[in-house]
Amino acid sequence: MAEFDLGFVRAQFPAFSSDVLSSHAFFENAGGSYPCRQVVDRLHRFYLDRKVQPYGPYPGAQAGGAEMDEARSRLAAMMGVNSPQVSFGPSTSANTYVLAQGVRQWLRGANAAIVVTNQDHEANSGVWRRLADEGIEVREWTLDPLTGLLDLAGLKALLADGRVRLVAFPHCSNVVAALNPVADICALAKAAGARTVVDGVSYAPHGFPDFNALGCDAYLFSAYKTYGPHQGIMILDEAFGAELPAQCHYFNAGSLYKRFTPAGPDHAQIAACAGMADYIDALHDHHFAPEADAMARNQRVHDLMRAQEIRVVAPLLEYLSARNDVRLIGPRNAADRAPTVAVDLGRAAEPVSEALGREGIACWAGDFYAVRPLTAMGIDLEKGVLRLSMVHYTSQEDVAQLISALDRVL
């Protein structure tokens, strides 16, 4: 694998030269990453001379529509799907809600069950649980309260009677951070006749997925956490999308990418998402020999990102594991998790995040909408957890600064 060039990577992000943002080492990436320059440039250009109704018969409209199409097609190519399989929406929470309304109609009166976990962010939990209002049985796949992990044996038991039609689970939790075996889970569900919806929000910042290799029916993530604008992105299996009742204007139902978009999309932000693909290509071309295939480029960059993150987060995991006054949530091995590190301090976490802010560390504390997993693990929601989240542009120097600050504050 090519040697990771952190200097080149950071040069792609205007935040690192910002007088405001560069004052602190940034450990709030799970709340939203910095946008890459390619996205910022495209968004700026769209607002300058494409901010009209797209696709009209004049230059600005034609250019705007072409850039929206480019974003969809290039992201699709990176993740191994057809362009219509990629839907944009205002957020992943909103996209999941709309998808759930389709499932509500799909399963109404079917004597069916669905499976949810208590490891999820609420966006991929609450909307599915509310389907119980329609008489759909909701079964909970529960995490281990000590480790926070999900056991495949527990899912097998829930699927055993053949009544489960859908399983919703996270690629990784935004507080536990363990990497769930998505392909294995999806294979189990498929064998039992169930569709799968994967919340990829906490994984995608660490590498865009190969949708077909995962084997899921829907995969959702957030562009604003993957170096882009504030949009939610949903990838749908074509057969599943066609099977669910449409949630759009009736005359748009024949278009998969419009089928679960009930409101007008944000044209500028969709177009700017092409900058995310620009960034992946820039990383690839700087670190690797030329490659024509978009999926192959994406996979190389995925592996490059993950290797860098594993190197960078390992010292923090070792430091926290060695302390006897805090509880590190999730795996201690960096290779088994995303570099999102939640810590139960046994006391109110927000004052600690504020103290770290005075030490030049940007982070936060609270429940992060992960109320169910934190409750299941016996963590006091009033105290919350301290969360320290990294991505591939986090430096070893940032982590050393964080550890020194933690020493002083804790």
# chains A, B, ... in the order shown; residues from 1 in each chain; ligands from 1

$ closest_atom_pairs --of "stretch 198-225 of chain A" --to "stretch 167-190 of chain A" --cutoff "10 Å" --atoms "only C-alpha atoms" --output "tab-separated table"
residue	atom	partner	partner_atom	distance
A:Val198	CA	A:Phe169	CA	5.3
A:Asp199	CA	A:Pro170	CA	4.5
A:Gly200	CA	A:His171	CA	5.2
A:Val201	CA	A:His171	CA	8.0
A:Ser202	CA	A:Asn174	CA	5.5
A:Tyr203	CA	A:Cys172	CA	6.0
A:Ala204	CA	A:His171	CA	8.8
A:Phe211	CA	A:Ala183	CA	9.9
A:Asn212	CA	A:Ala183	CA	9.3
A:Ala213	CA	A:Ala183	CA	7.0
A:Leu214	CA	A:Ala183	CA	4.5
A:Gly215	CA	A:Ala183	CA	5.8
A:Cys216	CA	A:Cys186	CA	5.7
A:Asp217	CA	A:Cys186	CA	8.6
A:Ala218	CA	A:Ala168	CA	9.4
A:Tyr219	CA	A:His171	CA	9.1
A:Leu220	CA	A:Pro170	CA	9.6

$ write_last_selection --atoms "N, CA and C atoms" --output "JSON list (two decimals), in the first residue's frame"
[["chain", "number", "residue", "atom", "x", "y", "z"],
["A", 198, "VAL", "N", -29.37, -0.81, 6.25],
["A", 198, "VAL", "CA", -28.15, -0.57, 7.02],
["A", 198, "VAL", "C", -27.91, 0.92, 7.17],
["A", 199, "ASP", "N", -27.75, 1.36, 8.42],
["A", 199, "ASP", "CA", -27.36, 2.73, 8.71],
["A", 199, "ASP", "C", -25.84, 2.79, 8.62],
["A", 200, "GLY", "N", -25.34, 3.44, 7.56],
["A", 200, "GLY", "CA", -23.90, 3.53, 7.35],
["A", 200, "GLY", "C", -23.31, 4.87, 7.73],
["A", 201, "VAL", "N", -24.07, 5.69, 8.46],
["A", 201, "VAL", "CA", -23.61, 7.05, 8.78],
["A", 201, "VAL", "C", -22.27, 7.05, 9.51],
["A", 202, "SER", "N", -22.10, 6.13, 10.45],
["A", 202, "SER", "CA", -20.88, 6.14, 11.26],
["A", 202, "SER", "C", -19.74, 5.34, 10.63],
["A", 203, "TYR", "N", -20.02, 4.69, 9.51],
["A", 203, "TYR", "CA", -18.95, 3.95, 8.82],
["A", 203, "TYR", "C", -18.45, 4.68, 7.58],
["A", 204, "ALA", "N", -19.35, 5.23, 6.78],
["A", 204, "ALA", "CA", -18.99, 5.79, 5.47],
["A", 204, "ALA", "C", -17.87, 6.83, 5.52],
["A", 211, "PHE", "N", -21.53, -1.55, -2.25],
["A", 211, "PHE", "CA", -22.90, -1.90, -1.89],
["A", 211, "PHE", "C", -23.22, -3.36, -2.17],
["A", 212, "ASN", "N", -22.83, -3.86, -3.32],
["A", 212, "ASN", "CA", -23.19, -5.23, -3.68],
["A", 212, "ASN", "C", -22.46, -6.25, -2.83],
["A", 213, "ALA", "N", -21.23, -5.96, -2.43],
["A", 213, "ALA", "CA", -20.49, -6.88, -1.57],
["A", 213, "ALA", "C", -21.15, -7.00, -0.20],
["A", 214, "LEU", "N", -21.77, -5.92, 0.28],
["A", 214, "LEU", "CA", -22.45, -5.97, 1.57],
["A", 214, "LEU", "C", -23.71, -6.81, 1.51],
["A", 215, "GLY", "N", -24.40, -6.80, 0.37],
["A", 215, "GLY", "CA", -25.60, -7.64, 0.22],
["A", 215, "GLY", "C", -26.85, -7.07, 0.85],
["A", 216, "CYS", "N", -26.87, -5.79, 1.20],
["A", 216, "CYS", "CA", -28.05, -5.20, 1.83],
["A", 216, "CYS", "C", -29.02, -4.68, 0.78],
["A", 217, "ASP", "N", -30.21, -4.31, 1.22],
["A", 217, "ASP", "CA", -31.23, -3.78, 0.32],
["A", 217, "ASP", "C", -31.31, -2.27, 0.35],
["A", 218, "ALA", "N", -30.85, -1.66, 1.42],
["A", 218, "ALA", "CA", -30.77, -0.20, 1.52],
["A", 218, "ALA", "C", -29.58, 0.15, 2.40],
["A", 219, "TYR", "N", -28.83, 1.15, 1.97],
["A", 219, "TYR", "CA", -27.68, 1.64, 2.74],
["A", 219, "TYR", "C", -27.77, 3.15, 2.76],
["A", 220, "LEU", "N", -27.73, 3.72, 3.96],
["A", 220, "LEU", "CA", -27.92, 5.16, 4.11],
["A", 220, "LEU", "C", -26.73, 5.78, 4.84]]

$ residues_around --residues "A:Ser22" --least-positions-apart "3" --cutoff "12 Å" --atoms "only C-alpha atoms" --output "count of residues only"
15

$ atom_distance --atom1 "atom CA of A:Arg50" --atom2 "atom CA of A:Ser87"
21.0 Å

$ closest_residue --among "A:Gln401, A:Asn333, A:Gln396, A:Gln269" --to "A:Gly228" --atoms "only C-alpha atoms"
A:Gln269

$ atom_distance --atom1 "atom CA of A:Ala268" --atom2 "atom CA of A:Lys51"
7.2 Å

$ residues_around --residues "A:Ala112" --least-positions-apart "4" --cutoff "6 Å" --atoms "only C-alpha atoms" --output "list in words"
Ile136, Arg163 and Val164 of chain A

$ closest_residue --among "A:Phe240, A:Tyr47, A:Trp141, A:Phe368" --to "A:Ala194" --atoms "only C-alpha atoms"
A:Phe240

$ closest_atom_pairs --of "stretch 219-294 of chain A" --to "stretch 69-76 of chain A" --cutoff "8 Å" --atoms "only C-alpha atoms" --output "tab-separated table"
residue	atom	partner	partner_atom	distance
A:Ile270	CA	A:Ala71	CA	6.6
A:Ala271	CA	A:Ala71	CA	5.7
A:Ala272	CA	A:Ala71	CA	7.3
A:Cys273	CA	A:Ala71	CA	5.5
A:Ala274	CA	A:Ala71	CA	4.0
A:Gly275	CA	A:Ala71	CA	7.8
A:Ala277	CA	A:Leu75	CA	6.3

$ write_last_selection --atoms "C-alpha atoms" --output "PDB file, in the first residue's frame"
ATOM      1  CA  ILE A 270     -26.613  17.525  -4.760  1.00  0.00           C
ATOM      2  CA  ALA A 271     -24.353  19.024  -7.423  1.00  0.00           C
ATOM      3  CA  ALA A 272     -21.657  19.712  -4.817  1.00  0.00           C
ATOM      4  CA  CYS A 273     -21.642  16.026  -3.850  1.00  0.00           C
ATOM      5  CA  ALA A 274     -19.695  15.370  -7.058  1.00  0.00           C
ATOM      6  CA  GLY A 275     -16.839  17.006  -5.169  1.00  0.00           C
ATOM      7  CA  ALA A 277     -15.941  11.835  -5.894  1.00  0.00           C
TER       8      ALA A 277
END

$ residues_around --residues "A:Gln62" --least-positions-apart "3" --cutoff "12 Å" --atoms "only C-alpha atoms" --output "PyMOL selection string"
chain A and resi 46+49-59+65-69

$ residues_around --residues "A:Ser395" --least-positions-apart "4" --cutoff "8 Å" --atoms "only C-alpha atoms" --output "JSON, numbers by chain"
{"A": [6, 312, 399]}

$ residues_around --residues "A:Pro209" --least-positions-apart "6" --cutoff "9 Å" --atoms "only C-alpha atoms" --output "number ranges by chain"
A: 78-80, 200, 203, 298-299, 302

$ select_by_dssp --residues "stretch 247-370 of chain A" --states "alpha helix (DSSP H)" --output "VMD selection string"
chain A and resid 256 to 259 267 to 272 274 to 287 294 to 322 350 to 358

$ closest_residue --among "A:Leu21, A:Met390, A:Leu48, A:Cys363" --to "A:Ala63" --atoms "only C-alpha atoms"
A:Leu48

$ residues_around --residues "A:Gly102" --least-positions-apart "5" --cutoff "7 Å" --atoms "only C-alpha atoms" --output "VMD selection string"
chain A and resid 244 to 247

$ select_by_dssp --residues "stretch 322-375 of chain A" --states "strand (DSSP E)" --output "number ranges by chain"
A: 327-328, 340-344, 361-362, 364-366

$ atom_distance --atom1 "atom CA of A:Thr261" --atom2 "atom CA of A:Ala242"
13.8 Å

$ closest_residue --among "A:Phe88, A:Val341, A:Phe288, A:Met377" --to "A:Thr147" --atoms "only C-alpha atoms"
A:Met377

$ closest_residue --among "A:His230, A:Leu316, A:Ala223, A:Val352" --to "A:Ala400" --atoms "only C-alpha atoms"
A:Leu316

$ decode --residues "stretch 255-320 of chain A" --atoms "C-alpha atoms" --output "short mmCIF file (atom, residue, chain, number, x, y, z; two decimals), in the first residue's frame"
data_model
loop_
_atom_site.label_atom_id
_atom_site.label_comp_id
_atom_site.auth_asym_id
_atom_site.auth_seq_id
_atom_site.Cartn_x
_atom_site.Cartn_y
_atom_site.Cartn_z
CA SER A 255 -37.97 6.97 -11.37
CA LEU A 256 -36.16 5.08 -8.59
CA TYR A 257 -34.10 8.07 -7.46
CA LYS A 258 -37.27 10.18 -7.16
CA ARG A 259 -39.46 7.42 -5.74
CA PHE A 260 -38.58 8.15 -2.10
CA THR A 261 -38.07 11.91 -2.47
CA PRO A 262 -41.39 13.52 -1.49
CA ALA A 263 -40.08 17.09 -1.56
CA GLY A 264 -37.95 19.12 -3.93
CA PRO A 265 -34.24 18.33 -3.51
CA ASP A 266 -31.50 20.85 -2.75
CA HIS A 267 -30.04 21.25 -6.23
CA ALA A 268 -26.83 23.00 -5.19
CA GLN A 269 -25.94 20.50 -2.51
CA ILE A 270 -26.61 17.52 -4.76
CA ALA A 271 -24.35 19.02 -7.42
CA ALA A 272 -21.66 19.71 -4.82
CA CYS A 273 -21.64 16.03 -3.85
CA ALA A 274 -19.69 15.37 -7.06
CA GLY A 275 -16.84 17.01 -5.17
CA MET A 276 -16.76 13.99 -2.87
CA ALA A 277 -15.94 11.84 -5.89
CA ASP A 278 -13.38 14.43 -7.01
CA TYR A 279 -11.72 14.09 -3.61
CA ILE A 280 -11.57 10.30 -3.74
CA ASP A 281 -10.04 10.52 -7.20
CA ALA A 282 -7.50 13.10 -6.01
CA LEU A 283 -6.44 10.85 -3.13
CA HIS A 284 -6.19 7.88 -5.45
CA ASP A 285 -4.15 9.63 -8.13
CA HIS A 286 -1.73 11.07 -5.57
CA HIS A 287 -1.10 7.73 -3.84
CA PHE A 288 -1.53 5.09 -6.55
CA ALA A 289 -0.86 4.27 -10.17
CA PRO A 290 -3.62 5.22 -12.64
CA GLU A 291 -6.79 3.12 -12.51
CA ALA A 292 -9.76 3.51 -14.83
CA ASP A 293 -12.33 1.63 -12.75
CA ALA A 294 -14.15 3.84 -10.22
CA MET A 295 -14.86 0.97 -7.83
CA ALA A 296 -11.21 -0.08 -7.79
CA ARG A 297 -10.13 3.51 -7.09
CA ASN A 298 -12.66 3.75 -4.28
CA GLN A 299 -11.53 0.47 -2.70
CA ARG A 300 -7.88 1.51 -2.73
CA VAL A 301 -8.74 4.81 -1.07
CA HIS A 302 -11.03 3.03 1.41
CA ASP A 303 -8.13 0.79 2.48
CA LEU A 304 -5.73 3.75 2.59
CA MET A 305 -8.07 5.69 4.87
CA ARG A 306 -8.69 2.75 7.19
CA ALA A 307 -4.99 1.93 7.58
CA GLN A 308 -4.22 5.54 8.51
CA GLU A 309 -7.09 5.68 11.00
CA ILE A 310 -6.02 2.45 12.69
CA ARG A 311 -2.50 3.85 13.16
CA VAL A 312 -3.75 7.14 14.55
CA VAL A 313 -6.44 5.92 16.96
CA ALA A 314 -4.40 3.07 18.49
CA PRO A 315 -2.45 5.24 21.01
CA LEU A 316 -5.67 6.80 22.29
CA LEU A 317 -7.27 3.37 22.79
CA GLU A 318 -4.16 2.16 24.63
CA TYR A 319 -4.15 5.26 26.83
CA LEU A 320 -7.83 4.99 27.78
#
